[in-house]
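Here is the file upload32.cif (mmCIF, N, CA and C atoms).
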```cif
data_target
#
loop_
_atom_site.group_PDB
_atom_site.id
_atom_site.type_symbol
_atom_site.label_atom_id
_atom_site.label_comp_id
_atom_site.auth_asym_id
_atom_site.auth_seq_id
_atom_site.Cartn_x
_atom_site.Cartn_y
_atom_site.Cartn_z
ATOM 1 N N MET A 898 1.283 18.497 -5.365
ATOM 2 C CA MET A 898 2.220 17.848 -4.453
ATOM 3 C C MET A 898 3.337 17.124 -5.214
ATOM 4 N N GLU A 899 3.501 17.453 -6.484
ATOM 5 C CA GLU A 899 4.473 16.746 -7.304
ATOM 6 C C GLU A 899 5.911 16.908 -6.811
ATOM 7 N N HIS A 900 6.185 17.938 -6.054
ATOM 8 C CA HIS A 900 7.551 18.160 -5.581
ATOM 9 C C HIS A 900 7.781 17.607 -4.174
ATOM 10 N N GLU A 901 6.764 17.017 -3.605
ATOM 11 C CA GLU A 901 6.921 16.386 -2.292
ATOM 12 C C GLU A 901 7.751 15.110 -2.448
ATOM 13 N N PRO A 902 8.610 14.823 -1.478
ATOM 14 C CA PRO A 902 9.439 13.613 -1.576
ATOM 15 C C PRO A 902 8.636 12.339 -1.324
ATOM 16 N N GLU A 903 9.179 11.212 -1.813
ATOM 17 C CA GLU A 903 8.584 9.922 -1.490
ATOM 18 C C GLU A 903 8.552 9.781 0.028
ATOM 19 N N LYS A 904 7.542 9.125 0.529
ATOM 20 C CA LYS A 904 7.341 8.886 1.961
ATOM 21 C C LYS A 904 6.981 10.174 2.699
ATOM 22 N N GLY A 905 6.464 11.145 1.966
ATOM 23 C CA GLY A 905 6.089 12.423 2.571
ATOM 24 C C GLY A 905 4.593 12.648 2.526
ATOM 25 N N LYS A 906 4.201 13.925 2.481
ATOM 26 C CA LYS A 906 2.792 14.312 2.511
ATOM 27 C C LYS A 906 2.006 13.747 1.334
ATOM 28 N N ARG A 907 2.639 13.704 0.169
ATOM 29 C CA ARG A 907 1.965 13.178 -1.028
ATOM 30 C C ARG A 907 1.532 11.729 -0.810
ATOM 31 N N CYS A 908 2.402 10.949 -0.187
ATOM 32 C CA CYS A 908 2.069 9.548 0.070
ATOM 33 C C CYS A 908 0.883 9.437 1.036
ATOM 34 N N ASN A 909 0.865 10.296 2.052
ATOM 35 C CA ASN A 909 -0.264 10.267 2.992
ATOM 36 C C ASN A 909 -1.583 10.494 2.273
ATOM 37 N N VAL A 910 -1.624 11.463 1.376
ATOM 38 C CA VAL A 910 -2.852 11.759 0.623
ATOM 39 C C VAL A 910 -3.230 10.563 -0.241
ATOM 40 N N CYS A 911 -2.254 10.003 -0.940
ATOM 41 C CA CYS A 911 -2.507 8.848 -1.807
ATOM 42 C C CYS A 911 -3.019 7.657 -0.994
ATOM 43 N N PHE A 912 -2.327 7.338 0.094
ATOM 44 C CA PHE A 912 -2.740 6.202 0.925
ATOM 45 C C PHE A 912 -4.152 6.404 1.454
ATOM 46 N N ASP A 913 -4.415 7.589 1.971
ATOM 47 C CA ASP A 913 -5.745 7.859 2.519
ATOM 48 C C ASP A 913 -6.831 7.675 1.465
ATOM 49 N N ASN A 914 -6.599 8.199 0.280
ATOM 50 C CA ASN A 914 -7.597 8.072 -0.799
ATOM 51 C C ASN A 914 -7.800 6.620 -1.208
ATOM 52 N N ARG A 915 -6.718 5.920 -1.434
ATOM 53 C CA ARG A 915 -6.811 4.530 -1.895
ATOM 54 C C ARG A 915 -7.416 3.618 -0.834
ATOM 55 N N LEU A 916 -6.975 3.783 0.410
ATOM 56 C CA LEU A 916 -7.453 2.908 1.482
ATOM 57 C C LEU A 916 -8.899 3.202 1.855
ATOM 58 N N GLU A 917 -9.300 4.442 1.715
ATOM 59 C CA GLU A 917 -10.703 4.810 1.954
ATOM 60 C C GLU A 917 -11.606 4.033 0.990
ATOM 61 N N GLU A 918 -11.231 4.018 -0.278
ATOM 62 C CA GLU A 918 -12.018 3.290 -1.283
ATOM 63 C C GLU A 918 -11.975 1.786 -1.026
ATOM 64 N N SER A 919 -10.827 1.287 -0.599
ATOM 65 C CA SER A 919 -10.708 -0.140 -0.276
ATOM 66 C C SER A 919 -11.625 -0.513 0.888
ATOM 67 N N ALA A 920 -11.666 0.335 1.893
ATOM 68 C CA ALA A 920 -12.516 0.072 3.057
ATOM 69 C C ALA A 920 -13.989 0.060 2.659
ATOM 70 N N LYS A 921 -14.385 1.015 1.849
ATOM 71 C CA LYS A 921 -15.782 1.060 1.386
ATOM 72 C C LYS A 921 -16.125 -0.193 0.591
ATOM 73 N N LYS A 922 -15.220 -0.614 -0.275
ATOM 74 C CA LYS A 922 -15.463 -1.815 -1.087
ATOM 75 C C LYS A 922 -15.509 -3.057 -0.203
ATOM 76 N N ALA A 923 -14.637 -3.122 0.787
ATOM 77 C CA ALA A 923 -14.642 -4.258 1.706
ATOM 78 C C ALA A 923 -15.998 -4.388 2.394
ATOM 79 N N LEU A 924 -16.516 -3.272 2.887
ATOM 80 C CA LEU A 924 -17.818 -3.302 3.545
ATOM 81 C C LEU A 924 -18.923 -3.696 2.568
ATOM 82 N N GLU A 925 -18.837 -3.180 1.359
ATOM 83 C CA GLU A 925 -19.823 -3.524 0.326
ATOM 84 C C GLU A 925 -19.829 -5.025 0.056
ATOM 85 N N LEU A 926 -18.650 -5.639 0.118
ATOM 86 C CA LEU A 926 -18.515 -7.078 -0.134
ATOM 87 C C LEU A 926 -18.719 -7.933 1.117
ATOM 88 N N GLY A 927 -18.943 -7.273 2.254
ATOM 89 C CA GLY A 927 -19.145 -8.001 3.499
ATOM 90 C C GLY A 927 -17.858 -8.460 4.159
ATOM 91 N N GLU A 928 -16.743 -7.859 3.767
ATOM 92 C CA GLU A 928 -15.454 -8.213 4.350
ATOM 93 C C GLU A 928 -15.222 -7.437 5.637
ATOM 94 N N LYS A 929 -14.427 -8.010 6.523
ATOM 95 C CA LYS A 929 -14.130 -7.373 7.806
ATOM 96 C C LYS A 929 -12.646 -7.028 7.955
ATOM 97 N N ILE A 930 -11.841 -7.485 6.999
ATOM 98 C CA ILE A 930 -10.387 -7.312 7.063
ATOM 99 C C ILE A 930 -9.914 -6.648 5.775
ATOM 100 N N ILE A 931 -8.971 -5.698 5.912
ATOM 101 C CA ILE A 931 -8.376 -5.089 4.719
ATOM 102 C C ILE A 931 -6.851 -5.111 4.820
ATOM 103 N N THR A 932 -6.224 -5.019 3.667
ATOM 104 C CA THR A 932 -4.777 -4.871 3.533
ATOM 105 C C THR A 932 -4.553 -4.122 2.230
ATOM 106 N N THR A 933 -3.315 -4.025 1.791
ATOM 107 C CA THR A 933 -3.028 -3.327 0.545
ATOM 108 C C THR A 933 -1.799 -3.900 -0.139
ATOM 109 N N THR A 934 -1.829 -3.912 -1.447
ATOM 110 C CA THR A 934 -0.660 -4.345 -2.218
ATOM 111 C C THR A 934 0.450 -3.306 -2.145
ATOM 112 N N LEU A 935 0.139 -2.104 -1.674
ATOM 113 C CA LEU A 935 1.168 -1.083 -1.511
ATOM 114 C C LEU A 935 2.262 -1.545 -0.549
ATOM 115 N N LEU A 936 1.959 -2.530 0.286
ATOM 116 C CA LEU A 936 2.939 -3.055 1.236
ATOM 117 C C LEU A 936 4.098 -3.773 0.550
ATOM 118 N N THR A 937 3.945 -4.129 -0.712
ATOM 119 C CA THR A 937 5.024 -4.837 -1.413
ATOM 120 C C THR A 937 6.075 -3.892 -1.974
ATOM 121 N N SER A 938 5.771 -2.613 -2.087
ATOM 122 C CA SER A 938 6.687 -1.664 -2.714
ATOM 123 C C SER A 938 7.806 -1.238 -1.766
ATOM 124 N N PRO A 939 9.065 -1.390 -2.199
ATOM 125 C CA PRO A 939 10.173 -0.926 -1.357
ATOM 126 C C PRO A 939 10.249 0.597 -1.301
ATOM 127 N N LYS A 940 9.466 1.277 -2.112
ATOM 128 C CA LYS A 940 9.488 2.738 -2.141
ATOM 129 C C LYS A 940 8.537 3.354 -1.114
ATOM 130 N N ASN A 941 7.700 2.532 -0.494
ATOM 131 C CA ASN A 941 6.752 3.033 0.504
ATOM 132 C C ASN A 941 7.238 2.725 1.910
ATOM 133 N N SER A 942 6.832 3.534 2.849
ATOM 134 C CA SER A 942 7.146 3.326 4.258
ATOM 135 C C SER A 942 6.114 2.381 4.865
ATOM 136 N N LEU A 943 6.590 1.263 5.425
ATOM 137 C CA LEU A 943 5.669 0.326 6.074
ATOM 138 C C LEU A 943 4.963 0.981 7.260
ATOM 139 N N GLN A 944 5.681 1.794 8.015
ATOM 140 C CA GLN A 944 5.077 2.464 9.166
ATOM 141 C C GLN A 944 4.000 3.440 8.727
ATOM 142 N N GLN A 945 4.259 4.174 7.670
ATOM 143 C CA GLN A 945 3.291 5.139 7.146
ATOM 144 C C GLN A 945 2.039 4.414 6.646
ATOM 145 N N LEU A 946 2.244 3.304 5.955
ATOM 146 C CA LEU A 946 1.106 2.528 5.456
ATOM 147 C C LEU A 946 0.311 1.912 6.596
ATOM 148 N N GLU A 947 1.011 1.365 7.580
ATOM 149 C CA GLU A 947 0.312 0.753 8.714
ATOM 150 C C GLU A 947 -0.534 1.789 9.450
ATOM 151 N N GLN A 948 0.012 2.982 9.638
ATOM 152 C CA GLN A 948 -0.744 4.042 10.306
ATOM 153 C C GLN A 948 -1.980 4.421 9.496
ATOM 154 N N ALA A 949 -1.810 4.548 8.184
ATOM 155 C CA ALA A 949 -2.949 4.883 7.322
ATOM 156 C C ALA A 949 -4.002 3.780 7.373
ATOM 157 N N LEU A 950 -3.567 2.527 7.328
ATOM 158 C CA LEU A 950 -4.506 1.405 7.418
ATOM 159 C C LEU A 950 -5.242 1.415 8.757
ATOM 160 N N GLU A 951 -4.519 1.651 9.843
ATOM 161 C CA GLU A 951 -5.149 1.677 11.171
ATOM 162 C C GLU A 951 -6.213 2.768 11.258
ATOM 163 N N THR A 952 -5.900 3.938 10.734
ATOM 164 C CA THR A 952 -6.840 5.062 10.773
ATOM 165 C C THR A 952 -8.119 4.729 10.008
ATOM 166 N N ILE A 953 -7.973 4.213 8.809
ATOM 167 C CA ILE A 953 -9.131 3.864 7.979
ATOM 168 C C ILE A 953 -9.911 2.706 8.601
ATOM 169 N N ALA A 954 -9.199 1.710 9.117
ATOM 170 C CA ALA A 954 -9.859 0.554 9.724
ATOM 171 C C ALA A 954 -10.705 0.980 10.923
ATOM 172 N N GLN A 955 -10.177 1.860 11.744
ATOM 173 C CA GLN A 955 -10.947 2.354 12.894
ATOM 174 C C GLN A 955 -12.189 3.097 12.428
ATOM 175 N N LYS A 956 -12.039 3.907 11.402
ATOM 176 C CA LYS A 956 -13.163 4.686 10.885
ATOM 177 C C LYS A 956 -14.299 3.783 10.414
ATOM 178 N N TYR A 957 -13.949 2.640 9.806
ATOM 179 C CA TYR A 957 -14.955 1.756 9.224
ATOM 180 C C TYR A 957 -15.189 0.474 10.015
ATOM 181 N N GLY A 958 -14.571 0.343 11.172
ATOM 182 C CA GLY A 958 -14.776 -0.841 12.002
ATOM 183 C C GLY A 958 -14.197 -2.107 11.386
ATOM 184 N N LEU A 959 -13.059 -1.986 10.734
ATOM 185 C CA LEU A 959 -12.408 -3.117 10.083
ATOM 186 C C LEU A 959 -11.137 -3.515 10.825
ATOM 187 N N THR A 960 -10.647 -4.690 10.504
ATOM 188 C CA THR A 960 -9.377 -5.183 11.007
ATOM 189 C C THR A 960 -8.374 -5.117 9.871
ATOM 190 N N ILE A 961 -7.096 -4.920 10.202
ATOM 191 C CA ILE A 961 -6.078 -4.849 9.154
ATOM 192 C C ILE A 961 -5.103 -6.021 9.242
ATOM 193 N N VAL A 962 -4.483 -6.323 8.113
ATOM 194 C CA VAL A 962 -3.403 -7.294 8.035
ATOM 195 C C VAL A 962 -2.247 -6.552 7.375
ATOM 196 N N VAL A 963 -1.088 -6.533 8.045
ATOM 197 C CA VAL A 963 0.049 -5.765 7.550
ATOM 198 C C VAL A 963 1.296 -6.659 7.510
ATOM 199 N N PRO A 964 1.352 -7.589 6.560
ATOM 200 C CA PRO A 964 2.541 -8.444 6.457
ATOM 201 C C PRO A 964 3.716 -7.668 5.850
ATOM 202 N N ASP A 965 4.920 -8.046 6.210
ATOM 203 C CA ASP A 965 6.110 -7.441 5.615
ATOM 204 C C ASP A 965 6.572 -8.353 4.481
ATOM 205 N N PHE A 966 6.102 -8.047 3.282
ATOM 206 C CA PHE A 966 6.448 -8.847 2.115
ATOM 207 C C PHE A 966 7.904 -8.650 1.693
ATOM 208 N N ARG A 967 8.560 -7.676 2.247
ATOM 209 C CA ARG A 967 9.924 -7.336 1.824
ATOM 210 C C ARG A 967 10.980 -8.178 2.519
ATOM 211 N N LYS A 968 10.682 -8.685 3.710
ATOM 212 C CA LYS A 968 11.700 -9.397 4.477
ATOM 213 C C LYS A 968 12.063 -10.724 3.804
ATOM 214 N N ASP A 969 13.190 -11.237 4.189
ATOM 215 C CA ASP A 969 13.681 -12.528 3.689
ATOM 216 C C ASP A 969 13.754 -12.578 2.168
ATOM 217 N N GLY A 970 14.140 -11.477 1.546
ATOM 218 C CA GLY A 970 14.319 -11.457 0.094
ATOM 219 C C GLY A 970 13.037 -11.323 -0.701
ATOM 220 N N GLY A 971 11.965 -10.902 -0.054
ATOM 221 C CA GLY A 971 10.674 -10.786 -0.732
ATOM 222 C C GLY A 971 10.670 -9.811 -1.897
ATOM 223 N N THR A 972 11.361 -8.693 -1.726
ATOM 224 C CA THR A 972 11.418 -7.704 -2.804
ATOM 225 C C THR A 972 12.130 -8.274 -4.020
ATOM 226 N N GLN A 973 13.266 -8.920 -3.788
ATOM 227 C CA GLN A 973 14.019 -9.508 -4.892
ATOM 228 C C GLN A 973 13.216 -10.609 -5.578
ATOM 229 N N ALA A 974 12.509 -11.417 -4.801
ATOM 230 C CA ALA A 974 11.685 -12.484 -5.383
ATOM 231 C C ALA A 974 10.565 -11.892 -6.231
ATOM 232 N N GLN A 975 9.964 -10.822 -5.739
ATOM 233 C CA GLN A 975 8.900 -10.141 -6.478
ATOM 234 C C GLN A 975 9.415 -9.623 -7.822
ATOM 235 N N PHE A 976 10.580 -8.979 -7.800
ATOM 236 C CA PHE A 976 11.168 -8.444 -9.028
ATOM 237 C C PHE A 976 11.502 -9.577 -10.002
ATOM 238 N N ALA A 977 12.033 -10.679 -9.492
ATOM 239 C CA ALA A 977 12.395 -11.819 -10.350
ATOM 240 C C ALA A 977 11.154 -12.437 -10.994
ATOM 241 N N LEU A 978 10.090 -12.599 -10.223
ATOM 242 C CA LEU A 978 8.848 -13.159 -10.768
ATOM 243 C C LEU A 978 8.280 -12.261 -11.864
ATOM 244 N N ALA A 979 8.297 -10.965 -11.628
ATOM 245 C CA ALA A 979 7.783 -10.014 -12.621
ATOM 246 C C ALA A 979 8.635 -10.063 -13.888
ATOM 247 N N ARG A 980 9.954 -10.100 -13.714
ATOM 248 C CA ARG A 980 10.853 -10.154 -14.866
ATOM 249 C C ARG A 980 10.641 -11.447 -15.661
ATOM 250 N N ASP A 981 10.584 -12.579 -14.958
ATOM 251 C CA ASP A 981 10.416 -13.877 -15.620
ATOM 252 C C ASP A 981 9.089 -13.976 -16.362
ATOM 253 N N ALA A 982 8.060 -13.331 -15.835
ATOM 254 C CA ALA A 982 6.738 -13.357 -16.477
ATOM 255 C C ALA A 982 6.591 -12.218 -17.489
ATOM 256 N N MET A 983 7.667 -11.437 -17.658
ATOM 257 C CA MET A 983 7.681 -10.298 -18.574
ATOM 258 C C MET A 983 6.553 -9.314 -18.269
ATOM 259 N N LEU A 984 6.346 -9.061 -16.973
ATOM 260 C CA LEU A 984 5.345 -8.099 -16.529
ATOM 261 C C LEU A 984 5.974 -6.721 -16.428
ATOM 262 N N TYR A 985 5.181 -5.721 -16.701
ATOM 263 C CA TYR A 985 5.641 -4.349 -16.552
ATOM 264 C C TYR A 985 5.942 -4.080 -15.096
ATOM 265 N N HIS A 986 7.035 -3.401 -14.846
ATOM 266 C CA HIS A 986 7.401 -3.054 -13.468
ATOM 267 C C HIS A 986 7.687 -1.556 -13.422
ATOM 268 N N GLN A 987 6.811 -0.822 -12.769
ATOM 269 C CA GLN A 987 6.998 0.632 -12.694
ATOM 270 C C GLN A 987 8.131 0.980 -11.742
ATOM 271 N N ASN A 988 8.780 2.098 -12.000
ATOM 272 C CA ASN A 988 9.917 2.518 -11.188
ATOM 273 C C ASN A 988 9.499 3.586 -10.165
ATOM 274 N N TYR A 989 8.338 3.442 -9.628
ATOM 275 C CA TYR A 989 7.837 4.314 -8.570
ATOM 276 C C TYR A 989 6.826 3.524 -7.778
ATOM 277 N N CYS A 990 6.339 4.092 -6.692
ATOM 278 C CA CYS A 990 5.483 3.327 -5.779
ATOM 279 C C CYS A 990 4.255 2.798 -6.497
#
```
Any chance you could put this one into structure tokens?
Amino acid sequence: MEHEPEKGKRCNVCFDNRLEESAKKALELGEKIITTTLLTSPKNSLQQLEQALETIAQKYGLTIVVPDFRKDGGTQAQFALARDAMLYHQNYC
């Protein structure tokens, strides 16, 4: 799927795989709510992620939290914090 565009089929497969493992771990830890750090990336579709989270949450009987970390300058603040702390910042989702 390397030639699939961002926010396309490749992302659906990735989200499903990652969120499935997150849901299993949440249940293992006795958690009832899940979310994902993928929500912070400006390269991902919030709607696509929310749909993937909803699907997985229903499958495992979990609740989701889907904050929009990007609004009100959240993306810029995230980039500034990473730069100031000299953290690696990947140029993809």
* Smallest atom-to-atom distance to Leu936 in chain A: which of A:Phe912, A:Leu959, A:His900, A:Gln973, using only C-alpha atoms? ->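 Comparing A:Phe912, A:Leu959, A:His900, A:Gln973 against Leu936 in chain A, the winner is A:Phe912.
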* To do: Between CA of Pro902 in chain A and atom C of Lys921 in chain A, measure the distance and give it in Å to one decimal.
  =>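 Spanning CA of Pro902 in chain A to atom C of Lys921 in chain A is a straight-line distance of 29.1 Å.
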* A:Leu926, A:Asp913, A:Lys904, A:Asp981: which is nearest Ala949 in chain A, counting only N, CA and C atoms? ->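 Closest to Ala949 in chain A, using only N, CA and C atoms: A:Asp913.
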Dump as CSV the rows for residues of range 925-974 of chain A within 12 Å of range 985-990 of chain A: closest atom pair and distance in Å with one decimal, only C-alpha atoms counted, ordered by chain and rising residue number.
```
residue,atom,partner,partner_atom,distance
A:Thr934,CA,A:Cys990,CA,10.5
A:Leu935,CA,A:Cys990,CA,7.5
A:Leu936,CA,A:Cys990,CA,9.8
A:Thr937,CA,A:Cys990,CA,9.3
A:Ser938,CA,A:Cys990,CA,6.0
A:Pro939,CA,A:Cys990,CA,7.7
A:Lys940,CA,A:Cys990,CA,5.4
A:Asn941,CA,A:Cys990,CA,6.4
A:Ser942,CA,A:Cys990,CA,10.2
```
* Kindly give the distance, in Å, that separates atom C of Thr952 in chain A and atom C of Asp969 in chain A, rounded to a single decimal. =>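 Result for atom C of Thr952 in chain A versus atom C of Asp969 in chain A: 29.0 Å, one decimal.
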* What separation in Å, quoted to one decimal, exists between atom N of Glu947 in chain A and atom N of Met983 in chain A? -> 29.1 Å
So that I can look at just that part, could you write range 915-936 of chain A with N, CA and C atoms, as a JSON list (two decimals), in the first residue's frame?
```json
[["chain", "number", "residue", "atom", "x", "y", "z"],
["A", 915, "ARG", "N", -3.41, -0.56, 14.81],
["A", 915, "ARG", "CA", -2.92, 0.10, 16.03],
["A", 915, "ARG", "C", -4.00, 0.18, 17.10],
["A", 916, "LEU", "N", -5.22, 0.55, 16.69],
["A", 916, "LEU", "CA", -6.30, 0.73, 17.66],
["A", 916, "LEU", "C", -6.79, -0.61, 18.21],
["A", 917, "GLU", "N", -6.71, -1.64, 17.40],
["A", 917, "GLU", "CA", -7.07, -2.99, 17.87],
["A", 917, "GLU", "C", -6.16, -3.38, 19.04],
["A", 918, "GLU", "N", -4.86, -3.16, 18.87],
["A", 918, "GLU", "CA", -3.90, -3.48, 19.93],
["A", 918, "GLU", "C", -4.12, -2.60, 21.15],
["A", 919, "SER", "N", -4.45, -1.33, 20.92],
["A", 919, "SER", "CA", -4.72, -0.42, 22.04],
["A", 919, "SER", "C", -5.95, -0.88, 22.83],
["A", 920, "ALA", "N", -6.97, -1.31, 22.12],
["A", 920, "ALA", "CA", -8.19, -1.78, 22.79],
["A", 920, "ALA", "C", -7.91, -3.02, 23.62],
["A", 921, "LYS", "N", -7.15, -3.94, 23.07],
["A", 921, "LYS", "CA", -6.80, -5.16, 23.81],
["A", 921, "LYS", "C", -6.00, -4.81, 25.06],
["A", 922, "LYS", "N", -5.06, -3.90, 24.93],
["A", 922, "LYS", "CA", -4.24, -3.49, 26.09],
["A", 922, "LYS", "C", -5.10, -2.78, 27.12],
["A", 923, "ALA", "N", -6.01, -1.94, 26.67],
["A", 923, "ALA", "CA", -6.90, -1.24, 27.60],
["A", 923, "ALA", "C", -7.69, -2.24, 28.44],
["A", 924, "LEU", "N", -8.25, -3.25, 27.79],
["A", 924, "LEU", "CA", -9.00, -4.26, 28.52],
["A", 924, "LEU", "C", -8.11, -5.04, 29.49],
["A", 925, "GLU", "N", -6.91, -5.34, 29.04],
["A", 925, "GLU", "CA", -5.94, -6.05, 29.89],
["A", 925, "GLU", "C", -5.64, -5.24, 31.15],
["A", 926, "LEU", "N", -5.60, -3.92, 31.01],
["A", 926, "LEU", "CA", -5.30, -3.03, 32.13],
["A", 926, "LEU", "C", -6.54, -2.63, 32.93],
["A", 927, "GLY", "N", -7.71, -3.09, 32.48],
["A", 927, "GLY", "CA", -8.95, -2.76, 33.17],
["A", 927, "GLY", "C", -9.49, -1.39, 32.82],
["A", 928, "GLU", "N", -9.03, -0.83, 31.71],
["A", 928, "GLU", "CA", -9.50, 0.48, 31.28],
["A", 928, "GLU", "C", -10.79, 0.34, 30.48],
["A", 929, "LYS", "N", -11.60, 1.39, 30.49],
["A", 929, "LYS", "CA", -12.87, 1.38, 29.77],
["A", 929, "LYS", "C", -12.91, 2.43, 28.66],
["A", 930, "ILE", "N", -11.88, 3.28, 28.61],
["A", 930, "ILE", "CA", -11.84, 4.39, 27.66],
["A", 930, "ILE", "C", -10.54, 4.31, 26.88],
["A", 931, "ILE", "N", -10.62, 4.58, 25.56],
["A", 931, "ILE", "CA", -9.40, 4.64, 24.75],
["A", 931, "ILE", "C", -9.38, 5.93, 23.92],
["A", 932, "THR", "N", -8.19, 6.31, 23.52],
["A", 932, "THR", "CA", -7.95, 7.41, 22.60],
["A", 932, "THR", "C", -6.65, 7.08, 21.88],
["A", 933, "THR", "N", -6.12, 8.02, 21.13],
["A", 933, "THR", "CA", -4.87, 7.77, 20.41],
["A", 933, "THR", "C", -4.08, 9.06, 20.22],
["A", 934, "THR", "N", -2.78, 8.94, 20.28],
["A", 934, "THR", "CA", -1.91, 10.09, 20.01],
["A", 934, "THR", "C", -1.92, 10.44, 18.53],
["A", 935, "LEU", "N", -2.45, 9.55, 17.69],
["A", 935, "LEU", "CA", -2.55, 9.85, 16.27],
["A", 935, "LEU", "C", -3.42, 11.09, 16.02],
["A", 936, "LEU", "N", -4.25, 11.45, 16.99],
["A", 936, "LEU", "CA", -5.11, 12.62, 16.86],
["A", 936, "LEU", "C", -4.32, 13.93, 16.83]]
```
